[in-house]
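S.K.: This is the structure I have questions about; it appears just below.
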Amino acid sequence: MSVDLRISPDQIIERYLSMELVRVTERAAVAAARLRGHGDEKAADQAAVDAMRRELNRLPIDGEIVIGEGERDEAPMLYIGEKVGNKQGPKVHIAVDPLEGTTLCAKDMPGSIAVMAMAGAGQLLYAPDVYMNKIAIGPGYPTGIVDLDASAADNINALARAKGVKPHEINTLIMDRPRHEKLIAEVRKTGASIRLITDGDVAGVIFCTEPEKTGIDLYLGIGGAPEGVLAAAALRCVGGQMQGRLILDTEEKRARAATMGVKDPNHKYDMAEMASGDVIVCATGVTDGGMLSGVRFGPDVIETETIVYRSITGTVRRIYGEHREFSKFQLD
(Lines give C-alpha, C1' and ligand atoms only; values in the text may rest on other atoms or scores of the structure.)
Protein backbone atom coordinates (compact mmCIF):
# COMPACT_ATOMS: atom_id res chain seq x y z
CA MET A 1 0.00 0.00 0.00
CA SER A 2 1.48 3.33 -1.06
CA VAL A 3 0.77 6.74 0.40
CA ASP A 4 0.55 9.74 -1.88
CA LEU A 5 2.69 12.40 -0.23
CA ARG A 6 2.28 14.92 -3.02
CA ILE A 7 0.89 18.31 -2.10
CA SER A 8 -0.67 20.93 -4.33
CA PRO A 9 1.29 24.09 -5.21
CA ASP A 10 -0.97 26.26 -3.05
CA GLN A 11 -0.01 24.16 -0.02
CA ILE A 12 3.74 24.51 -0.49
CA ILE A 13 4.08 27.70 1.52
CA GLU A 14 2.13 26.36 4.49
CA ARG A 15 3.21 22.71 4.50
CA TYR A 16 6.89 23.16 3.78
CA LEU A 17 8.03 26.75 3.70
CA SER A 18 6.48 27.80 7.00
CA MET A 19 9.02 25.71 8.88
CA GLU A 20 11.77 26.98 6.63
CA LEU A 21 10.84 30.54 7.54
CA VAL A 22 11.33 29.68 11.19
CA ARG A 23 14.92 28.77 10.37
CA VAL A 24 15.38 32.07 8.56
CA THR A 25 14.30 34.23 11.49
CA GLU A 26 16.09 31.99 14.00
CA ARG A 27 19.38 32.49 12.16
CA ALA A 28 18.89 36.26 12.01
CA ALA A 29 17.90 36.46 15.67
CA VAL A 30 20.89 34.45 16.88
CA ALA A 31 23.29 36.49 14.74
CA ALA A 32 21.93 39.76 16.18
CA ALA A 33 21.74 38.43 19.73
CA ARG A 34 25.49 37.83 19.75
CA LEU A 35 25.82 41.63 19.69
CA ARG A 36 23.20 42.46 22.32
CA GLY A 37 24.27 45.24 24.62
CA HIS A 38 27.39 46.08 22.59
CA GLY A 39 26.05 49.51 21.64
CA ASP A 40 26.63 49.01 17.91
CA GLU A 41 23.29 49.19 16.08
CA LYS A 42 24.79 48.93 12.60
CA ALA A 43 26.84 45.85 13.41
CA ALA A 44 23.88 44.05 14.96
CA ASP A 45 21.64 44.95 12.04
CA GLN A 46 24.25 43.85 9.51
CA ALA A 47 24.73 40.53 11.28
CA ALA A 48 20.99 39.87 11.13
CA VAL A 49 20.82 40.92 7.46
CA ASP A 50 23.69 38.65 6.47
CA ALA A 51 22.20 35.66 8.28
CA MET A 52 18.72 36.25 6.87
CA ARG A 53 19.97 36.69 3.30
CA ARG A 54 22.07 33.53 3.55
CA GLU A 55 19.08 31.45 4.68
CA LEU A 56 16.63 32.99 2.23
CA ASN A 57 18.92 32.11 -0.65
CA ARG A 58 18.85 28.47 0.41
CA LEU A 59 15.05 28.26 0.16
CA PRO A 60 13.32 26.53 -2.78
CA ILE A 61 11.57 29.73 -3.88
CA ASP A 62 11.68 32.30 -6.64
CA GLY A 63 11.43 35.21 -4.24
CA GLU A 64 11.54 38.98 -4.34
CA ILE A 65 11.88 41.40 -1.44
CA VAL A 66 9.03 43.92 -1.73
CA ILE A 67 9.37 45.35 1.76
CA GLY A 68 12.93 45.67 2.99
CA GLU A 69 15.36 47.88 4.82
CA GLY A 70 16.07 50.14 1.87
CA GLU A 71 16.27 50.24 -1.88
CA ARG A 72 18.85 49.00 -4.31
CA ASP A 73 21.39 51.76 -3.67
CA GLU A 74 21.40 50.87 0.03
CA ALA A 75 22.74 47.32 -0.33
CA PRO A 76 24.13 45.27 1.43
CA MET A 77 20.83 45.59 3.29
CA LEU A 78 18.01 43.34 2.10
CA TYR A 79 16.68 45.91 -0.33
CA ILE A 80 13.39 46.36 -2.11
CA GLY A 81 13.55 44.50 -5.40
CA GLU A 82 16.27 42.07 -4.33
CA LYS A 83 15.85 38.51 -5.65
CA VAL A 84 16.26 35.67 -3.17
CA GLY A 85 15.92 31.90 -3.18
CA ASN A 86 17.31 29.20 -5.45
CA LYS A 87 14.61 29.74 -8.12
CA GLN A 88 13.46 26.11 -7.72
CA GLY A 89 10.06 26.82 -6.20
CA PRO A 90 7.00 29.09 -6.24
CA LYS A 91 7.13 32.79 -6.99
CA VAL A 92 6.68 34.63 -3.71
CA HIS A 93 6.93 38.15 -2.38
CA ILE A 94 8.65 38.77 0.93
CA ALA A 95 8.65 41.49 3.58
CA VAL A 96 11.57 41.53 6.00
CA ASP A 97 12.89 43.33 9.02
CA PRO A 98 15.96 41.31 9.97
CA LEU A 99 16.32 43.24 13.22
CA GLU A 100 13.34 45.24 14.33
CA GLY A 101 14.46 47.36 17.23
CA THR A 102 18.14 47.84 16.45
CA THR A 103 18.48 50.26 19.35
CA LEU A 104 16.75 47.79 21.66
CA CYS A 105 19.26 45.13 20.68
CA ALA A 106 22.26 47.43 20.95
CA LYS A 107 21.18 48.45 24.47
CA ASP A 108 19.89 44.97 25.40
CA MET A 109 16.42 46.36 26.04
CA PRO A 110 13.15 44.39 25.71
CA GLY A 111 11.29 43.83 22.45
CA SER A 112 13.80 43.34 19.64
CA ILE A 113 12.81 40.69 17.09
CA ALA A 114 13.74 39.25 13.69
CA VAL A 115 10.61 39.16 11.53
CA MET A 116 9.50 38.37 7.99
CA ALA A 117 6.34 37.69 5.99
CA MET A 118 5.85 35.68 2.82
CA ALA A 119 2.92 35.56 0.40
CA GLY A 120 2.23 34.79 -3.23
CA ALA A 121 3.52 37.21 -5.84
CA GLY A 122 1.56 40.47 -5.80
CA GLN A 123 -0.02 39.88 -2.40
CA LEU A 124 2.11 42.23 -0.28
CA LEU A 125 2.06 45.99 -0.71
CA TYR A 126 4.99 47.08 -2.86
CA ALA A 127 5.86 50.41 -1.30
CA PRO A 128 8.93 52.60 -0.80
CA ASP A 129 10.82 52.79 2.47
CA VAL A 130 8.96 55.81 3.88
CA TYR A 131 6.82 56.61 6.90
CA MET A 132 3.22 55.46 7.26
CA ASN A 133 0.40 56.75 9.45
CA LYS A 134 -1.33 53.79 11.11
CA ILE A 135 -4.20 52.73 13.29
CA ALA A 136 -4.87 49.17 14.46
CA ILE A 137 -7.11 47.21 16.81
CA GLY A 138 -7.46 43.53 17.59
CA PRO A 139 -10.22 41.04 16.70
CA GLY A 140 -13.83 41.00 17.82
CA TYR A 141 -15.10 44.42 16.71
CA PRO A 142 -17.47 45.50 13.92
CA THR A 143 -15.79 46.51 10.70
CA GLY A 144 -15.01 50.20 10.55
CA ILE A 145 -15.20 50.82 14.29
CA VAL A 146 -12.03 52.91 14.03
CA ASP A 147 -10.81 55.01 11.13
CA LEU A 148 -7.49 56.60 10.25
CA ASP A 149 -9.21 59.84 9.26
CA ALA A 150 -11.13 60.19 12.52
CA SER A 151 -9.66 61.99 15.51
CA ALA A 152 -7.93 60.02 18.24
CA ALA A 153 -10.71 61.02 20.62
CA ASP A 154 -13.43 59.77 18.27
CA ASN A 155 -11.62 56.48 17.75
CA ILE A 156 -11.10 55.92 21.47
CA ASN A 157 -14.74 56.73 22.25
CA ALA A 158 -15.99 54.45 19.48
CA LEU A 159 -13.76 51.61 20.63
CA ALA A 160 -14.83 52.07 24.23
CA ARG A 161 -18.51 51.86 23.24
CA ALA A 162 -17.86 48.72 21.20
CA LYS A 163 -15.95 47.14 24.06
CA GLY A 164 -18.55 48.16 26.60
CA VAL A 165 -16.17 50.18 28.76
CA LYS A 166 -15.39 53.81 29.55
CA PRO A 167 -12.72 55.66 27.52
CA HIS A 168 -10.35 55.67 30.50
CA GLU A 169 -10.34 51.86 30.31
CA ILE A 170 -8.92 51.87 26.77
CA ASN A 171 -5.18 51.25 26.58
CA THR A 172 -3.29 52.69 23.62
CA LEU A 173 0.23 52.19 22.34
CA ILE A 174 2.18 55.01 20.67
CA MET A 175 5.82 55.36 19.70
CA ASP A 176 7.62 57.90 21.88
CA ARG A 177 8.56 60.45 19.23
CA PRO A 178 8.38 64.28 19.08
CA ARG A 179 6.07 63.97 16.08
CA HIS A 180 3.44 62.41 18.36
CA GLU A 181 3.31 65.22 20.91
CA LYS A 182 -0.14 66.46 19.83
CA LEU A 183 -1.48 62.93 19.41
CA ILE A 184 -0.37 61.99 22.92
CA ALA A 185 -2.00 65.12 24.35
CA GLU A 186 -5.29 64.34 22.56
CA VAL A 187 -5.32 60.76 23.83
CA ARG A 188 -4.60 61.87 27.38
CA LYS A 189 -7.59 64.26 27.26
CA THR A 190 -9.90 61.28 26.71
CA GLY A 191 -8.62 59.62 29.87
CA ALA A 192 -7.25 56.63 27.96
CA SER A 193 -3.90 55.27 29.08
CA ILE A 194 -0.82 55.31 26.86
CA ARG A 195 2.06 52.89 26.71
CA LEU A 196 4.99 54.62 25.03
CA ILE A 197 7.58 52.53 23.22
CA THR A 198 10.96 53.70 21.96
CA ASP A 199 11.17 51.14 19.13
CA GLY A 200 9.43 47.98 17.95
CA ASP A 201 6.74 49.16 15.55
CA VAL A 202 5.80 45.68 14.28
CA ALA A 203 5.48 44.17 17.73
CA GLY A 204 3.53 47.25 18.82
CA VAL A 205 0.73 46.52 16.34
CA ILE A 206 0.86 42.79 17.01
CA PHE A 207 0.22 43.55 20.70
CA CYS A 208 -3.33 44.46 19.63
CA THR A 209 -3.99 40.83 18.70
CA GLU A 210 -4.01 39.72 22.34
CA PRO A 211 -5.24 42.65 24.47
CA GLU A 212 -6.06 40.34 27.36
CA LYS A 213 -2.37 39.40 27.57
CA THR A 214 -0.63 42.57 26.41
CA GLY A 215 -3.09 45.13 27.77
CA ILE A 216 -3.13 47.00 24.44
CA ASP A 217 -6.43 47.84 22.73
CA LEU A 218 -5.39 50.41 20.15
CA TYR A 219 -2.26 51.33 18.19
CA LEU A 220 -1.93 54.89 16.91
CA GLY A 221 0.70 56.96 15.15
CA ILE A 222 3.40 57.21 12.51
CA GLY A 223 6.04 54.57 11.93
CA GLY A 224 7.82 52.89 9.07
CA ALA A 225 5.87 51.65 6.05
CA PRO A 226 7.85 48.37 5.94
CA GLU A 227 6.90 47.72 9.56
CA GLY A 228 3.30 48.60 8.71
CA VAL A 229 3.07 45.93 6.03
CA LEU A 230 4.65 43.31 8.28
CA ALA A 231 2.27 44.20 11.10
CA ALA A 232 -0.76 44.13 8.79
CA ALA A 233 0.24 40.68 7.61
CA ALA A 234 0.39 39.39 11.19
CA LEU A 235 -2.87 41.07 12.16
CA ARG A 236 -4.65 39.52 9.18
CA CYS A 237 -3.70 36.08 10.45
CA VAL A 238 -5.56 36.39 13.74
CA GLY A 239 -8.21 38.98 13.01
CA GLY A 240 -8.32 42.66 13.74
CA GLN A 241 -8.40 45.86 11.76
CA MET A 242 -5.67 48.14 10.48
CA GLN A 243 -5.42 51.11 8.15
CA GLY A 244 -2.37 52.91 6.88
CA ARG A 245 -1.44 55.81 4.63
CA LEU A 246 2.00 56.36 3.13
CA ILE A 247 3.54 59.71 4.01
CA LEU A 248 4.78 60.95 0.65
CA ASP A 249 5.57 64.51 1.61
CA THR A 250 8.15 65.31 -1.06
CA GLU A 251 8.09 65.18 -4.83
CA GLU A 252 10.97 62.70 -4.77
CA LYS A 253 9.03 60.30 -2.53
CA ARG A 254 5.89 60.61 -4.65
CA ALA A 255 7.86 59.92 -7.82
CA ARG A 256 9.56 56.92 -6.25
CA ALA A 257 6.22 55.55 -5.04
CA ALA A 258 4.75 55.99 -8.52
CA THR A 259 7.47 53.78 -10.00
CA MET A 260 6.34 51.08 -7.55
CA GLY A 261 2.73 51.27 -8.69
CA VAL A 262 1.33 53.70 -6.11
CA LYS A 263 -1.26 55.59 -8.16
CA ASP A 264 -2.83 57.66 -5.39
CA PRO A 265 -0.30 59.08 -2.90
CA ASN A 266 -3.12 59.82 -0.44
CA HIS A 267 -4.71 56.38 -0.59
CA LYS A 268 -5.86 54.89 2.71
CA TYR A 269 -4.86 51.22 2.69
CA ASP A 270 -6.81 48.70 4.66
CA MET A 271 -5.24 45.58 6.08
CA ALA A 272 -6.15 43.33 3.16
CA GLU A 273 -4.62 45.77 0.68
CA MET A 274 -1.35 45.67 2.56
CA ALA A 275 -1.30 41.88 2.85
CA SER A 276 -3.67 39.61 0.95
CA GLY A 277 -3.96 35.95 0.02
CA ASP A 278 -2.20 33.22 1.97
CA VAL A 279 0.26 35.08 4.16
CA ILE A 280 2.68 33.58 6.65
CA VAL A 281 4.46 35.72 9.22
CA CYS A 282 7.35 34.51 11.34
CA ALA A 283 9.10 36.32 14.21
CA THR A 284 11.90 35.21 16.54
CA GLY A 285 12.82 37.03 19.73
CA VAL A 286 16.25 38.65 19.95
CA THR A 287 15.85 40.27 23.36
CA ASP A 288 13.19 39.35 25.91
CA GLY A 289 9.89 41.11 25.33
CA GLY A 290 6.16 41.03 25.94
CA MET A 291 5.61 38.84 22.88
CA LEU A 292 8.69 36.61 22.71
CA SER A 293 11.63 35.51 24.81
CA GLY A 294 15.05 36.45 23.52
CA VAL A 295 17.84 34.14 22.41
CA ARG A 296 19.59 32.31 25.24
CA PHE A 297 23.16 31.10 24.86
CA GLY A 298 24.25 28.10 26.90
CA PRO A 299 27.47 26.10 26.79
CA ASP A 300 25.77 23.28 24.88
CA VAL A 301 22.42 24.73 23.72
CA ILE A 302 21.14 27.89 22.04
CA GLU A 303 17.47 28.48 22.85
CA THR A 304 15.07 30.46 20.67
CA GLU A 305 11.38 31.30 20.71
CA THR A 306 9.48 31.91 17.48
CA ILE A 307 5.87 32.69 16.65
CA VAL A 308 4.35 31.78 13.28
CA TYR A 309 1.05 33.17 11.95
CA ARG A 310 -0.94 31.97 8.94
CA SER A 311 -3.78 34.04 7.50
CA ILE A 312 -5.96 31.43 5.78
CA THR A 313 -6.38 29.18 8.81
CA GLY A 314 -5.79 31.72 11.56
CA THR A 315 -3.24 29.32 13.01
CA VAL A 316 -0.69 30.65 15.49
CA ARG A 317 2.22 28.40 16.41
CA ARG A 318 4.82 29.04 19.09
CA ILE A 319 8.05 27.16 18.56
CA TYR A 320 10.64 26.78 21.31
CA GLY A 321 13.91 25.71 19.78
CA GLU A 322 16.88 24.04 21.45
CA HIS A 323 19.80 24.10 19.04
CA ARG A 324 22.79 21.88 19.70
CA GLU A 325 24.47 22.11 16.32
CA PHE A 326 26.06 25.54 16.57
CA SER A 327 27.71 25.32 13.15
CA LYS A 328 24.41 26.03 11.39
CA PHE A 329 24.51 29.54 12.84
CA GLN A 330 28.02 30.13 11.46
CA LEU A 331 29.20 31.43 14.80
CA ASP A 332 32.77 32.61 14.40
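Residues are referred to by chain and number: the chain letter is A, B, ... according to the order shown in the C-alpha coordinates, the number counts from 1 in that chain, and ligands are numbered separately from 1 in the order shown.
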If you count only C-alpha atoms, which residues fall within 7 Å of Glu69 (chain A), apart from same-chain ones fewer than 6 positions away, as a list in words?

M.R.: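 Counting only the stated atoms, we get Met77, Leu78, Tyr79 and Asp97 of chain A.
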
S.K.: Give me the residues within 12 Å of Val66 (chain A) as a PyMOL selection string, counting only C-alpha atoms and dropping any in the same chain fewer than 2 places off.

M.R.: chain A and resi 63-64+68-72+78-84+92-97+116-129+225-226+229-230+260-261+274-275

S.K.: Quick one: of A:Val308, A:Ala33, A:Val115, A:Leu218, who's nearest to Lys163 (chain A), counting only C-alpha atoms?

M.R.: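 Ranking A:Val308, A:Ala33, A:Val115, A:Leu218 by distance to Lys163 (chain A), first place goes to A:Leu218.
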
S.K.: Would you mind telling me which residue in A:Tyr131, A:Ile113, A:Thr103, A:Arg54 lies nearest to Thr306 (chain A) when using only C-alpha atoms?

M.R.: A:Ile113

S.K.: Please determine, counting only C-alpha atoms, which residue among A:Arg317, A:Arg36, A:Arg254, A:Lys91 has the shortest atom-to-atom distance to Ala48 (chain A).

M.R.: A:Arg36

S.K.: Report the residues of region 86-224 of chain A whose backbone DSSP state falls under strand (DSSP E), written as an MDAnalysis selection string.

M.R.: chainID A and resid 91:100 113:120 131:137 171:175 193:197 218:224

S.K.: Given the choices A:Ile302, A:Ala32, A:Ile197, A:Val24, which gets closest to Gly221 (chain A) if the distance is worked out from only C-alpha atoms?

M.R.: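 Ranking A:Ile302, A:Ala32, A:Ile197, A:Val24 by distance to Gly221 (chain A), first place goes to A:Ile197.
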
S.K.: Write out as a list in words each polymer residue whose atoms come within 9 Å of Thr284 (chain A), counting only C-alpha atoms; drop sequence neighbours fewer than 4 positions from it.

M.R.: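 Near Thr284 (chain A), the qualifying residues are Val22, Thr25, Glu26, Ala28, Ala29, Ser112, Ile113, Ala114, Val115, Leu292, Ser293, Gly294, Val295, Thr304, Glu305, Thr306, Ile307 and Val308 of chain A.
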
S.K.: I need the residues from that last selection saved to file as a CSV table (one decimal), in the first residue's frame (with N, CA, C and O atoms), if you can.

M.R.:
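Output (again.csv):
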```csv
chain,number,residue,atom,x,y,z
A,22,VAL,N,10.9,29.7,9.8
A,22,VAL,CA,11.3,29.7,11.2
A,22,VAL,C,12.9,29.7,11.2
A,22,VAL,O,13.5,30.4,12.0
A,25,THR,N,14.3,33.2,10.4
A,25,THR,CA,14.3,34.2,11.5
A,25,THR,C,15.1,33.8,12.7
A,25,THR,O,15.7,34.6,13.4
A,26,GLU,N,15.2,32.5,12.9
A,26,GLU,CA,16.1,32.0,14.0
A,26,GLU,C,17.5,32.4,13.7
A,26,GLU,O,18.2,32.9,14.6
A,28,ALA,N,18.7,34.8,11.9
A,28,ALA,CA,18.9,36.3,12.0
A,28,ALA,C,18.9,36.7,13.5
A,28,ALA,O,19.7,37.5,13.9
A,29,ALA,N,18.0,36.1,14.3
A,29,ALA,CA,17.9,36.5,15.7
A,29,ALA,C,19.2,36.1,16.4
A,29,ALA,O,19.7,36.9,17.2
A,112,SER,N,13.2,43.4,21.0
A,112,SER,CA,13.8,43.3,19.6
A,112,SER,C,13.5,42.0,19.0
A,112,SER,O,13.6,40.9,19.7
A,113,ILE,N,13.2,41.9,17.8
A,113,ILE,CA,12.8,40.7,17.1
A,113,ILE,C,13.4,40.7,15.7
A,113,ILE,O,13.7,41.7,15.1
A,114,ALA,N,13.5,39.5,15.1
A,114,ALA,CA,13.7,39.2,13.7
A,114,ALA,C,12.4,38.8,13.1
A,114,ALA,O,11.8,37.8,13.6
A,115,VAL,N,12.0,39.4,12.0
A,115,VAL,CA,10.6,39.2,11.5
A,115,VAL,C,10.6,39.2,10.0
A,115,VAL,O,11.3,40.0,9.4
A,292,LEU,N,7.8,37.7,22.9
A,292,LEU,CA,8.7,36.6,22.7
A,292,LEU,C,9.9,36.7,23.7
A,292,LEU,O,10.3,37.8,24.0
A,293,SER,N,10.4,35.6,24.1
A,293,SER,CA,11.6,35.5,24.8
A,293,SER,C,12.8,35.7,23.9
A,293,SER,O,12.7,35.3,22.7
A,294,GLY,N,13.9,36.3,24.3
A,294,GLY,CA,15.0,36.4,23.5
A,294,GLY,C,15.9,35.2,23.4
A,294,GLY,O,15.7,34.2,24.1
A,295,VAL,N,16.9,35.3,22.6
A,295,VAL,CA,17.8,34.1,22.4
A,295,VAL,C,18.6,33.9,23.7
A,295,VAL,O,19.0,34.9,24.4
A,304,THR,N,15.8,29.4,21.4
A,304,THR,CA,15.1,30.5,20.7
A,304,THR,C,13.6,30.3,20.9
A,304,THR,O,13.1,29.2,21.1
A,305,GLU,N,12.8,31.4,20.7
A,305,GLU,CA,11.4,31.3,20.7
A,305,GLU,C,10.9,32.0,19.5
A,305,GLU,O,11.3,33.2,19.2
A,306,THR,N,10.0,31.4,18.7
A,306,THR,CA,9.5,31.9,17.5
A,306,THR,C,8.0,31.8,17.5
A,306,THR,O,7.4,30.8,18.0
A,307,ILE,N,7.3,32.8,16.9
A,307,ILE,CA,5.9,32.7,16.6
A,307,ILE,C,5.6,32.7,15.2
A,307,ILE,O,6.2,33.5,14.4
A,308,VAL,N,4.7,31.9,14.7
A,308,VAL,CA,4.3,31.8,13.3
A,308,VAL,C,2.8,32.0,13.1
A,308,VAL,O,2.0,31.3,13.8
```

S.K.: When distances are computed from only C-alpha atoms, which of A:Thr315, A:Ser276, A:Asn266, A:Thr190 shows the smallest separation from Val238 (chain A)?

M.R.: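 Residue with the minimum atom-to-atom distance to Val238 (chain A): A:Thr315.
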
S.K.: With only C-alpha atoms as the basis for distance, which of A:Asp264, A:Asp176, A:Asp154, A:Asp300 is at the shortest distance from Asp199 (chain A)?

M.R.: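 Answer, going by the shortest atom-to-atom distance: A:Asp176.
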
S.K.: Fewer than 4 positions away in the same chain doesn't count, so skip those; otherwise give me all residues within 10 Å of Lys328 (chain A), counting only C-alpha atoms, as a list in words.

M.R.: Arg23, Arg27, His323 and Arg324 of chain A

S.K.: Provide the CA of Pro299 (chain A) to CA of His38 (chain A) distance in Å, to one decimal place.

M.R.: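 Rounded to one decimal, the two atoms are 20.4 Å apart.
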
S.K.: I'd like the contact shell of Pro265 (chain A) - 9 Å cut-off, only C-alpha atoms, skipping same-chain residues fewer than 2 positions apart - returned as a PyMOL selection string.

M.R.: chain A and resi 245-248+254+257-258+262-263+267-268
